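Data first, discussion second: the structure below is written as structure tokens.
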Amino acid sequence: MVSAFETVFERLGVRKVEDLFFKIHPDYVQGVSEVRMENVKCPRCERNTKQAWVYCYNGDWLQENVWPICHDCEKLAHAKDVGIQLIQKRQDVVDGDWYYIDADDKAGFKNFEDVTPEATAAKEKATAYVKELLEGKPKNLRLSGTPGTGKTHLSKAIARTLKHQGQKVAFIESKKLFNKLKSMFGNQVAQERFEKQFSEFDIVIIDDVGVETRKADELSWSSGEWVSLIDLRKGKSTVYTTNFDKESLKKVIGARSVSRMSENAEVIEIFTPDHDYRDELFY
Ligand SMILES: [Zn+2]
């Protein structure tokens, strides 16, 4: 095997170790009586695989590093870097498909405006929920409430906190999720990849459940899809935010879906008192 050092030799047009050494240290021509290349101990793998100059300077044998670590360790470090980059790249691709929170979106628990007692209670429940998940107890969460009460903000706070803790997090609007499903009709490979990814996240947050269904003829289709989606998340944590209360939600996504969604689930409801969403289902 040609060592990296030998190729440096060739490039510089020197054939002997001494020539290169004196090229770098012209002032050593006087004092150095002998110079050779030796394999010395590599500080990383502790084998005698690292090249160094060993030279005799005015009667003392000295050593000068050619490389900080041996060639094998250099290769290994490079492979590791490439591996880490690949993992990051793959993660970026998955995030691009599943994590729809902009990097500059700073919605968190700290900047959540809990101006009403309901909002304060909701925030407390949400932080307790995050703690449970971090203790390794998967659980669902239905976050229902009137628009503008901070549901999405809270769900983003949950997503960002858990992602920061190293969990695999998806955050996607229900509408986008269903557009994804529609775009995969007849494409089994895409469907399988979707199911694998969807089921593997530690937590999936589906924002604005119910808005995916605005046409009456889509109701039955989406309610069936909801049952399958929820089943894919068995044993994992899923957060559903919605403008609908439980009874209204049954009409939008089906009673069976709501019942499955409610298994092992925490519920946070932030409704302003005079609001009834049932009348706004279709418009
Ligand atoms: Zn080494």
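Ligands are numbered from 1 in the order shown, chains are lettered A, B, ... in the order of the structure tokens, and residues start at 1 in each chain.
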Neighbouring residues of Glu118 in chain A were defined as those with any atom within 9 Å, considering only C-alpha atoms; residues of the same chain fewer than 6 positions away were excluded. Please report them as a short mmCIF file (atom, residue, chain, number, x, y, z; two decimals) with C-alpha atoms, in the first residue's frame.
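Output below, filename result_37.cif:
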data_model
loop_
_atom_site.label_atom_id
_atom_site.label_comp_id
_atom_site.auth_asym_id
_atom_site.auth_seq_id
_atom_site.Cartn_x
_atom_site.Cartn_y
_atom_site.Cartn_z
CA GLU A 269 -60.12 21.32 26.69
CA ILE A 270 -60.01 25.08 26.31
CA PHE A 271 -63.44 26.20 25.17
#
**Message:** Would you pick out the contacts of Gln51 in chain A at 8 Å or less, using only C-alpha atoms, so that residues sharing its chain but fewer than 3 positions from it are not included, and give the list as a ChimeraX atom specification?
**Reply:** /A:37-40,65-67,70
Residue subset to file, keeping C-alpha atoms, as a compact mmCIF listing (two decimals), in the first residue's frame:
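Wrote selection.txt, looks like this:
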# COMPACT_ATOMS: atom_id res chain seq x y z
CA MET A 37 11.17 7.53 9.05
CA GLU A 38 9.90 5.22 11.76
CA ASN A 39 6.63 3.82 12.92
CA VAL A 40 5.88 5.11 16.40
CA ASN A 65 5.42 14.00 14.08
CA VAL A 66 4.41 13.64 10.48
CA TRP A 67 0.74 13.04 11.28
CA CYS A 70 -2.01 6.99 12.22
Give one line per residue of chain A that approaches ligand 1 to at most 12 Å, naming the two atoms of the closest pair and their distance in Å to one decimal, counting only C-alpha atoms and all ligand atoms; sort by chain then ascending residue number and deliver it as CSV.
residue,atom,partner,partner_atom_place_in_ligand_line,distance
A:Asn39,CA,ligand 1,1 (Zn),10.9
A:Val40,CA,ligand 1,1 (Zn),9.9
A:Lys41,CA,ligand 1,1 (Zn),7.8
A:Cys42,CA,ligand 1,1 (Zn),4.6
A:Pro43,CA,ligand 1,1 (Zn),6.6
A:Arg44,CA,ligand 1,1 (Zn),5.0
A:Cys45,CA,ligand 1,1 (Zn),4.0
A:Glu46,CA,ligand 1,1 (Zn),6.2
A:Arg47,CA,ligand 1,1 (Zn),6.2
A:Asn48,CA,ligand 1,1 (Zn),7.9
A:Thr49,CA,ligand 1,1 (Zn),6.2
A:Lys50,CA,ligand 1,1 (Zn),6.5
A:Gln51,CA,ligand 1,1 (Zn),10.2
A:Trp67,CA,ligand 1,1 (Zn),10.2
A:Pro68,CA,ligand 1,1 (Zn),9.2
A:Ile69,CA,ligand 1,1 (Zn),5.4
A:Cys70,CA,ligand 1,1 (Zn),4.2
A:His71,CA,ligand 1,1 (Zn),6.7
A:Asp72,CA,ligand 1,1 (Zn),5.7
A:Cys73,CA,ligand 1,1 (Zn),4.4
A:Glu74,CA,ligand 1,1 (Zn),7.4
A:Lys75,CA,ligand 1,1 (Zn),9.5
A:Leu76,CA,ligand 1,1 (Zn),9.0
A:Ala77,CA,ligand 1,1 (Zn),10.1
Residues just named, written with N, CA and C atoms as a JSON list (two decimals), in the first residue's frame:
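The result, stored in selection-v3.json:
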[["chain", "number", "residue", "atom", "x", "y", "z"],
["A", 39, "ASN", "N", 7.99, 3.95, 12.41],
["A", 39, "ASN", "CA", 6.63, 3.82, 12.92],
["A", 39, "ASN", "C", 6.67, 3.95, 14.43],
["A", 40, "VAL", "N", 5.92, 4.90, 14.95],
["A", 40, "VAL", "CA", 5.88, 5.11, 16.40],
["A", 40, "VAL", "C", 4.44, 4.91, 16.89],
["A", 41, "LYS", "N", 4.27, 5.01, 18.18],
["A", 41, "LYS", "CA", 2.96, 4.73, 18.79],
["A", 41, "LYS", "C", 1.93, 5.81, 18.42],
["A", 42, "CYS", "N", 0.79, 5.36, 17.90],
["A", 42, "CYS", "CA", -0.30, 6.28, 17.58],
["A", 42, "CYS", "C", -1.05, 6.59, 18.88],
["A", 43, "PRO", "N", -1.26, 7.87, 19.20],
["A", 43, "PRO", "CA", -1.90, 8.19, 20.47],
["A", 43, "PRO", "C", -3.36, 7.71, 20.55],
["A", 44, "ARG", "N", -3.97, 7.44, 19.41],
["A", 44, "ARG", "CA", -5.37, 7.02, 19.45],
["A", 44, "ARG", "C", -5.53, 5.52, 19.62],
["A", 45, "CYS", "N", -4.89, 4.75, 18.72],
["A", 45, "CYS", "CA", -5.09, 3.29, 18.78],
["A", 45, "CYS", "C", -3.97, 2.60, 19.55],
["A", 46, "GLU", "N", -2.94, 3.37, 19.91],
["A", 46, "GLU", "CA", -1.82, 2.88, 20.70],
["A", 46, "GLU", "C", -1.06, 1.73, 20.04],
["A", 47, "ARG", "N", -1.13, 1.66, 18.72],
["A", 47, "ARG", "CA", -0.29, 0.69, 18.01],
["A", 47, "ARG", "C", 0.87, 1.45, 17.39],
["A", 48, "ASN", "N", 1.90, 0.72, 17.01],
["A", 48, "ASN", "CA", 3.04, 1.38, 16.38],
["A", 48, "ASN", "C", 2.77, 1.54, 14.89],
["A", 49, "THR", "N", 1.83, 2.41, 14.58],
["A", 49, "THR", "CA", 1.40, 2.54, 13.18],
["A", 49, "THR", "C", 1.49, 3.98, 12.69],
["A", 50, "LYS", "N", 1.99, 4.87, 13.51],
["A", 50, "LYS", "CA", 2.05, 6.27, 13.11],
["A", 50, "LYS", "C", 3.45, 6.63, 12.63],
["A", 51, "GLN", "N", 3.52, 7.33, 11.50],
["A", 51, "GLN", "CA", 4.84, 7.68, 10.97],
["A", 51, "GLN", "C", 5.39, 8.94, 11.65],
["A", 67, "TRP", "N", 2.20, 12.94, 11.15],
["A", 67, "TRP", "CA", 0.74, 13.04, 11.28],
["A", 67, "TRP", "C", 0.38, 12.96, 12.76],
["A", 68, "PRO", "N", -0.71, 13.62, 13.18],
["A", 68, "PRO", "CA", -1.10, 13.54, 14.59],
["A", 68, "PRO", "C", -1.58, 12.15, 15.00],
["A", 69, "ILE", "N", -2.23, 11.43, 14.09],
["A", 69, "ILE", "CA", -2.66, 10.06, 14.37],
["A", 69, "ILE", "C", -2.32, 9.19, 13.17],
["A", 70, "CYS", "N", -2.42, 7.88, 13.32],
["A", 70, "CYS", "CA", -2.01, 6.99, 12.22],
["A", 70, "CYS", "C", -3.04, 7.01, 11.09],
["A", 71, "HIS", "N", -2.64, 6.46, 9.97],
["A", 71, "HIS", "CA", -3.46, 6.49, 8.77],
["A", 71, "HIS", "C", -4.80, 5.76, 8.99],
["A", 72, "ASP", "N", -4.73, 4.61, 9.68],
["A", 72, "ASP", "CA", -5.96, 3.84, 9.95],
["A", 72, "ASP", "C", -6.94, 4.65, 10.79],
["A", 73, "CYS", "N", -6.41, 5.32, 11.83],
["A", 73, "CYS", "CA", -7.28, 6.12, 12.69],
["A", 73, "CYS", "C", -7.86, 7.30, 11.93],
["A", 74, "GLU", "N", -7.06, 7.86, 11.03],
["A", 74, "GLU", "CA", -7.51, 8.97, 10.19],
["A", 74, "GLU", "C", -8.70, 8.53, 9.34],
["A", 75, "LYS", "N", -8.54, 7.32, 8.74],
["A", 75, "LYS", "CA", -9.61, 6.79, 7.89],
["A", 75, "LYS", "C", -10.88, 6.54, 8.70],
["A", 76, "LEU", "N", -10.68, 5.99, 9.90],
["A", 76, "LEU", "CA", -11.80, 5.68, 10.77],
["A", 76, "LEU", "C", -12.56, 6.95, 11.17],
["A", 77, "ALA", "N", -11.80, 7.99, 11.51],
["A", 77, "ALA", "CA", -12.40, 9.26, 11.91],
["A", 77, "ALA", "C", -13.21, 9.84, 10.76]]
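Once range 241-244 of chain A and its same-chain neighbours fewer than 2 positions away are set aside, Arg142, Leu143, Ser144, Gly145, Thr146, Pro147, Lys151, Ile206, Asp207, Asp208, Val209, Gly210, Val239, Lys246, Ser248, Leu249 and Tyr277 of chain A remain within 7 Å of it when counting only C-alpha atoms.
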- request: Give the alpha helix (DSSP H) residues of range 22-109 of chain A, as DSSP finds them on the backbone, and put them as JSON, numbers by chain.
  value: {"A": [22, 23, 24, 71, 72, 73, 74, 75, 76, 77, 78, 79, 80, 81, 82, 83, 84, 85, 86, 87, 88, 89, 90, 91, 92, 93, 94, 95, 96, 97, 98]}
Would you mind listing, for every residue of range 29-90 of chain A within 12 Å of range 16-22 of chain A, the two atoms forming the shortest contact and the distance between them in Å to one decimal, using only C-alpha atoms, sorted by chain and ascending residue number, as JSON lines?
{"residue": "A:Val29", "atom": "CA", "partner": "A:Phe22", "partner_atom": "CA", "distance": 6.3}
{"residue": "A:Gln30", "atom": "CA", "partner": "A:Phe22", "partner_atom": "CA", "distance": 10.0}
{"residue": "A:Gly31", "atom": "CA", "partner": "A:Phe22", "partner_atom": "CA", "distance": 11.0}
{"residue": "A:Val32", "atom": "CA", "partner": "A:Phe22", "partner_atom": "CA", "distance": 9.2}
{"residue": "A:Ser33", "atom": "CA", "partner": "A:Glu18", "partner_atom": "CA", "distance": 10.2}
{"residue": "A:Glu34", "atom": "CA", "partner": "A:Glu18", "partner_atom": "CA", "distance": 8.2}
{"residue": "A:Val35", "atom": "CA", "partner": "A:Glu18", "partner_atom": "CA", "distance": 6.0}
{"residue": "A:Arg36", "atom": "CA", "partner": "A:Val17", "partner_atom": "CA", "distance": 6.3}
{"residue": "A:Met37", "atom": "CA", "partner": "A:Val17", "partner_atom": "CA", "distance": 6.7}
{"residue": "A:Glu38", "atom": "CA", "partner": "A:Val17", "partner_atom": "CA", "distance": 10.4}
{"residue": "A:Gln51", "atom": "CA", "partner": "A:Val17", "partner_atom": "CA", "distance": 11.6}
{"residue": "A:Ala52", "atom": "CA", "partner": "A:Val17", "partner_atom": "CA", "distance": 10.7}
{"residue": "A:Trp53", "atom": "CA", "partner": "A:Phe21", "partner_atom": "CA", "distance": 8.1}
{"residue": "A:Val54", "atom": "CA", "partner": "A:Phe21", "partner_atom": "CA", "distance": 10.2}
{"residue": "A:Tyr55", "atom": "CA", "partner": "A:Glu18", "partner_atom": "CA", "distance": 9.5}
{"residue": "A:Cys56", "atom": "CA", "partner": "A:Glu18", "partner_atom": "CA", "distance": 11.8}
{"residue": "A:Gln63", "atom": "CA", "partner": "A:Phe21", "partner_atom": "CA", "distance": 11.9}
{"residue": "A:Glu64", "atom": "CA", "partner": "A:Phe21", "partner_atom": "CA", "distance": 10.0}
{"residue": "A:Asn65", "atom": "CA", "partner": "A:Phe21", "partner_atom": "CA", "distance": 11.5}
{"residue": "A:Val66", "atom": "CA", "partner": "A:Phe21", "partner_atom": "CA", "distance": 10.3}
Can you pull out every residue from range 16-53 of chain A that DSSP, working from the backbone, puts in strand (DSSP E or B), and format the result as a PDB file with all heavy atoms, in the first residue's frame?
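selection10.pdb, written as the output of this step:
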ATOM      1  N   VAL A  32      22.027  17.943  12.181  1.00  0.00           N
ATOM      2  CA  VAL A  32      21.458  16.598  12.133  1.00  0.00           C
ATOM      3  C   VAL A  32      22.368  15.654  11.362  1.00  0.00           C
ATOM      4  O   VAL A  32      22.713  15.903  10.205  1.00  0.00           O
ATOM      5  CB  VAL A  32      20.040  16.626  11.510  1.00  0.00           C
ATOM      6  CG1 VAL A  32      19.516  15.218  11.274  1.00  0.00           C
ATOM      7  CG2 VAL A  32      19.080  17.397  12.411  1.00  0.00           C
ATOM      8  N   SER A  33      22.726  14.574  12.049  1.00  0.00           N
ATOM      9  CA  SER A  33      23.647  13.641  11.408  1.00  0.00           C
ATOM     10  C   SER A  33      22.918  12.489  10.738  1.00  0.00           C
ATOM     11  O   SER A  33      23.420  11.881   9.807  1.00  0.00           O
ATOM     12  CB  SER A  33      24.626  13.083  12.452  1.00  0.00           C
ATOM     13  OG  SER A  33      23.888  12.485  13.511  1.00  0.00           O
ATOM     14  N   GLU A  34      21.708  12.189  11.249  1.00  0.00           N
ATOM     15  CA  GLU A  34      20.978  11.050  10.687  1.00  0.00           C
ATOM     16  C   GLU A  34      19.480  11.304  10.799  1.00  0.00           C
ATOM     17  O   GLU A  34      19.032  11.840  11.811  1.00  0.00           O
ATOM     18  CB  GLU A  34      21.346   9.782  11.452  1.00  0.00           C
ATOM     19  CG  GLU A  34      21.053   8.507  10.666  1.00  0.00           C
ATOM     20  CD  GLU A  34      21.403   7.251  11.467  1.00  0.00           C
ATOM     21  OE1 GLU A  34      22.396   7.287  12.245  1.00  0.00           O
ATOM     22  OE2 GLU A  34      20.693   6.256  11.323  1.00  0.00           O
ATOM     23  N   VAL A  35      18.737  10.919   9.782  1.00  0.00           N
ATOM     24  CA  VAL A  35      17.277  11.045   9.856  1.00  0.00           C
ATOM     25  C   VAL A  35      16.637   9.873   9.158  1.00  0.00           C
ATOM     26  O   VAL A  35      17.103   9.419   8.122  1.00  0.00           O
ATOM     27  CB  VAL A  35      16.793  12.395   9.262  1.00  0.00           C
ATOM     28  CG1 VAL A  35      17.237  12.555   7.826  1.00  0.00           C
ATOM     29  CG2 VAL A  35      15.272  12.521   9.359  1.00  0.00           C
ATOM     30  N   ARG A  36      15.607   9.321   9.772  1.00  0.00           N
ATOM     31  CA  ARG A  36      14.863   8.233   9.125  1.00  0.00           C
ATOM     32  C   ARG A  36      13.403   8.289   9.542  1.00  0.00           C
ATOM     33  O   ARG A  36      13.045   8.944  10.525  1.00  0.00           O
ATOM     34  CB  ARG A  36      15.486   6.874   9.457  1.00  0.00           C
ATOM     35  CG  ARG A  36      15.576   6.591  10.949  1.00  0.00           C
ATOM     36  CD  ARG A  36      16.115   5.184  11.169  1.00  0.00           C
ATOM     37  NE  ARG A  36      16.127   4.887  12.592  1.00  0.00           N
ATOM     38  CZ  ARG A  36      17.208   5.005  13.373  1.00  0.00           C
ATOM     39  NH1 ARG A  36      18.353   5.421  12.864  1.00  0.00           N
ATOM     40  NH2 ARG A  36      17.134   4.715  14.654  1.00  0.00           N
ATOM     41  N   MET A  37      12.601   7.594   8.763  1.00  0.00           N
ATOM     42  CA  MET A  37      11.173   7.532   9.046  1.00  0.00           C
ATOM     43  C   MET A  37      10.918   6.257   9.850  1.00  0.00           C
ATOM     44  O   MET A  37      11.366   5.195   9.472  1.00  0.00           O
ATOM     45  CB  MET A  37      10.408   7.474   7.724  1.00  0.00           C
ATOM     46  CG  MET A  37       8.917   7.470   7.849  1.00  0.00           C
ATOM     47  SD  MET A  37       8.220   9.052   8.300  1.00  0.00           S
ATOM     48  CE  MET A  37       8.649  10.005   6.857  1.00  0.00           C
ATOM     49  N   GLU A  38      10.195   6.405  10.957  1.00  0.00           N
ATOM     50  CA  GLU A  38       9.900   5.216  11.762  1.00  0.00           C
ATOM     51  C   GLU A  38       8.431   5.168  12.116  1.00  0.00           C
ATOM     52  O   GLU A  38       7.756   6.190  12.151  1.00  0.00           O
ATOM     53  CB  GLU A  38      10.723   5.242  13.060  1.00  0.00           C
ATOM     54  CG  GLU A  38      12.065   4.582  12.910  1.00  0.00           C
ATOM     55  CD  GLU A  38      12.803   4.498  14.232  1.00  0.00           C
ATOM     56  OE1 GLU A  38      12.162   4.658  15.285  1.00  0.00           O
ATOM     57  OE2 GLU A  38      14.030   4.275  14.185  1.00  0.00           O
ATOM     58  N   ASN A  39       7.994   3.948  12.408  1.00  0.00           N
ATOM     59  CA  ASN A  39       6.634   3.817  12.919  1.00  0.00           C
ATOM     60  C   ASN A  39       6.667   3.952  14.432  1.00  0.00           C
ATOM     61  O   ASN A  39       7.381   3.221  15.101  1.00  0.00           O
ATOM     62  CB  ASN A  39       6.032   2.468  12.534  1.00  0.00           C
ATOM     63  CG  ASN A  39       5.486   2.487  11.113  1.00  0.00           C
ATOM     64  OD1 ASN A  39       5.249   3.556  10.553  1.00  0.00           O
ATOM     65  ND2 ASN A  39       5.316   1.321  10.538  1.00  0.00           N
ATOM     66  N   VAL A  40       5.916   4.897  14.954  1.00  0.00           N
ATOM     67  CA  VAL A  40       5.876   5.109  16.400  1.00  0.00           C
ATOM     68  C   VAL A  40       4.438   4.914  16.888  1.00  0.00           C
ATOM     69  O   VAL A  40       3.521   4.693  16.095  1.00  0.00           O
ATOM     70  CB  VAL A  40       6.382   6.529  16.776  1.00  0.00           C
ATOM     71  CG1 VAL A  40       7.827   6.698  16.366  1.00  0.00           C
ATOM     72  CG2 VAL A  40       5.503   7.594  16.157  1.00  0.00           C
ATOM     73  N   LYS A  50       1.994   4.866  13.511  1.00  0.00           N
ATOM     74  CA  LYS A  50       2.047   6.269  13.108  1.00  0.00           C
ATOM     75  C   LYS A  50       3.453   6.629  12.632  1.00  0.00           C
ATOM     76  O   LYS A  50       4.438   6.277  13.268  1.00  0.00           O
ATOM     77  CB  LYS A  50       1.657   7.149  14.292  1.00  0.00           C
ATOM     78  CG  LYS A  50       1.401   8.586  13.897  1.00  0.00           C
ATOM     79  CD  LYS A  50       1.180   9.456  15.103  1.00  0.00           C
ATOM     80  CE  LYS A  50       2.540   9.789  15.729  1.00  0.00           C
ATOM     81  NZ  LYS A  50       2.454  11.015  16.545  1.00  0.00           N
ATOM     82  N   GLN A  51       3.525   7.327  11.503  1.00  0.00           N
ATOM     83  CA  GLN A  51       4.836   7.675  10.972  1.00  0.00           C
ATOM     84  C   GLN A  51       5.393   8.936  11.646  1.00  0.00           C
ATOM     85  O   GLN A  51       4.663   9.887  11.886  1.00  0.00           O
ATOM     86  CB  GLN A  51       4.740   7.906   9.466  1.00  0.00           C
ATOM     87  CG  GLN A  51       4.545   6.594   8.704  1.00  0.00           C
ATOM     88  CD  GLN A  51       4.388   6.823   7.226  1.00  0.00           C
ATOM     89  OE1 GLN A  51       3.683   7.735   6.816  1.00  0.00           O
ATOM     90  NE2 GLN A  51       5.036   5.987   6.444  1.00  0.00           N
ATOM     91  N   ALA A  52       6.664   8.869  11.930  1.00  0.00           N
ATOM     92  CA  ALA A  52       7.337  10.030  12.515  1.00  0.00           C
ATOM     93  C   ALA A  52       8.778  10.074  12.016  1.00  0.00           C
ATOM     94  O   ALA A  52       9.356   9.056  11.621  1.00  0.00           O
ATOM     95  CB  ALA A  52       7.310   9.951  14.031  1.00  0.00           C
ATOM     96  N   TRP A  53       9.319  11.282  12.015  1.00  0.00           N
ATOM     97  CA  TRP A  53      10.741  11.409  11.707  1.00  0.00           C
ATOM     98  C   TRP A  53      11.525  11.202  12.988  1.00  0.00           C
ATOM     99  O   TRP A  53      11.211  11.827  14.016  1.00  0.00           O
ATOM    100  CB  TRP A  53      11.053  12.813  11.194  1.00  0.00           C
ATOM    101  CG  TRP A  53      10.908  12.971   9.727  1.00  0.00           C
ATOM    102  CD1 TRP A  53      11.447  12.181   8.766  1.00  0.00           C
ATOM    103  CD2 TRP A  53      10.192  14.012   9.068  1.00  0.00           C
ATOM    104  NE1 TRP A  53      11.109  12.655   7.520  1.00  0.00           N
ATOM    105  CE2 TRP A  53      10.345  13.784   7.674  1.00  0.00           C
ATOM    106  CE3 TRP A  53       9.450  15.099   9.482  1.00  0.00           C
ATOM    107  CZ2 TRP A  53       9.769  14.615   6.721  1.00  0.00           C
ATOM    108  CZ3 TRP A  53       8.890  15.919   8.532  1.00  0.00           C
ATOM    109  CH2 TRP A  53       9.041  15.680   7.161  1.00  0.00           C
TER     110      TRP A  53
END
Taken to one decimal, the CA of Ala170 in chain A-CA of Ala79 in chain A distance is 29.3 Å
Of A:Glu132, A:Asp202, A:Asp245, A:Glu263, the one sitting nearest Ile230 in chain A when using only C-alpha atoms is A:Glu263
From the list A:Leu177, A:Glu192, A:Ser237, A:Glu247, the nearest residue to Trp98 in chain A using only C-alpha atoms is A:Leu177
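The gap separating CA of Phe109 in chain A from CA of Thr161 in chain A is 8.6 Å, in Å to one decimal.
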Among A:Thr149, A:Phe198, A:Leu232, A:Lys131, Arg260 in chain A is approached most closely, using only C-alpha atoms, by A:Leu232
Please report as a tab-separated table every residue of range 136-159 of chain A lying within 9 Å of range 122-127 of chain A, along with the nearest atom pair and their distance in Å (one decimal), using only C-alpha atoms.
residue	atom	partner	partner_atom	distance
A:Leu141	CA	A:Ala126	CA	8.8
A:Leu143	CA	A:Ala122	CA	8.8
A:Lys151	CA	A:Ala122	CA	8.9
A:Leu154	CA	A:Lys123	CA	7.1
A:Ser155	CA	A:Ala126	CA	8.3
A:Ala157	CA	A:Ala126	CA	8.8
A:Ile158	CA	A:Ala126	CA	7.3
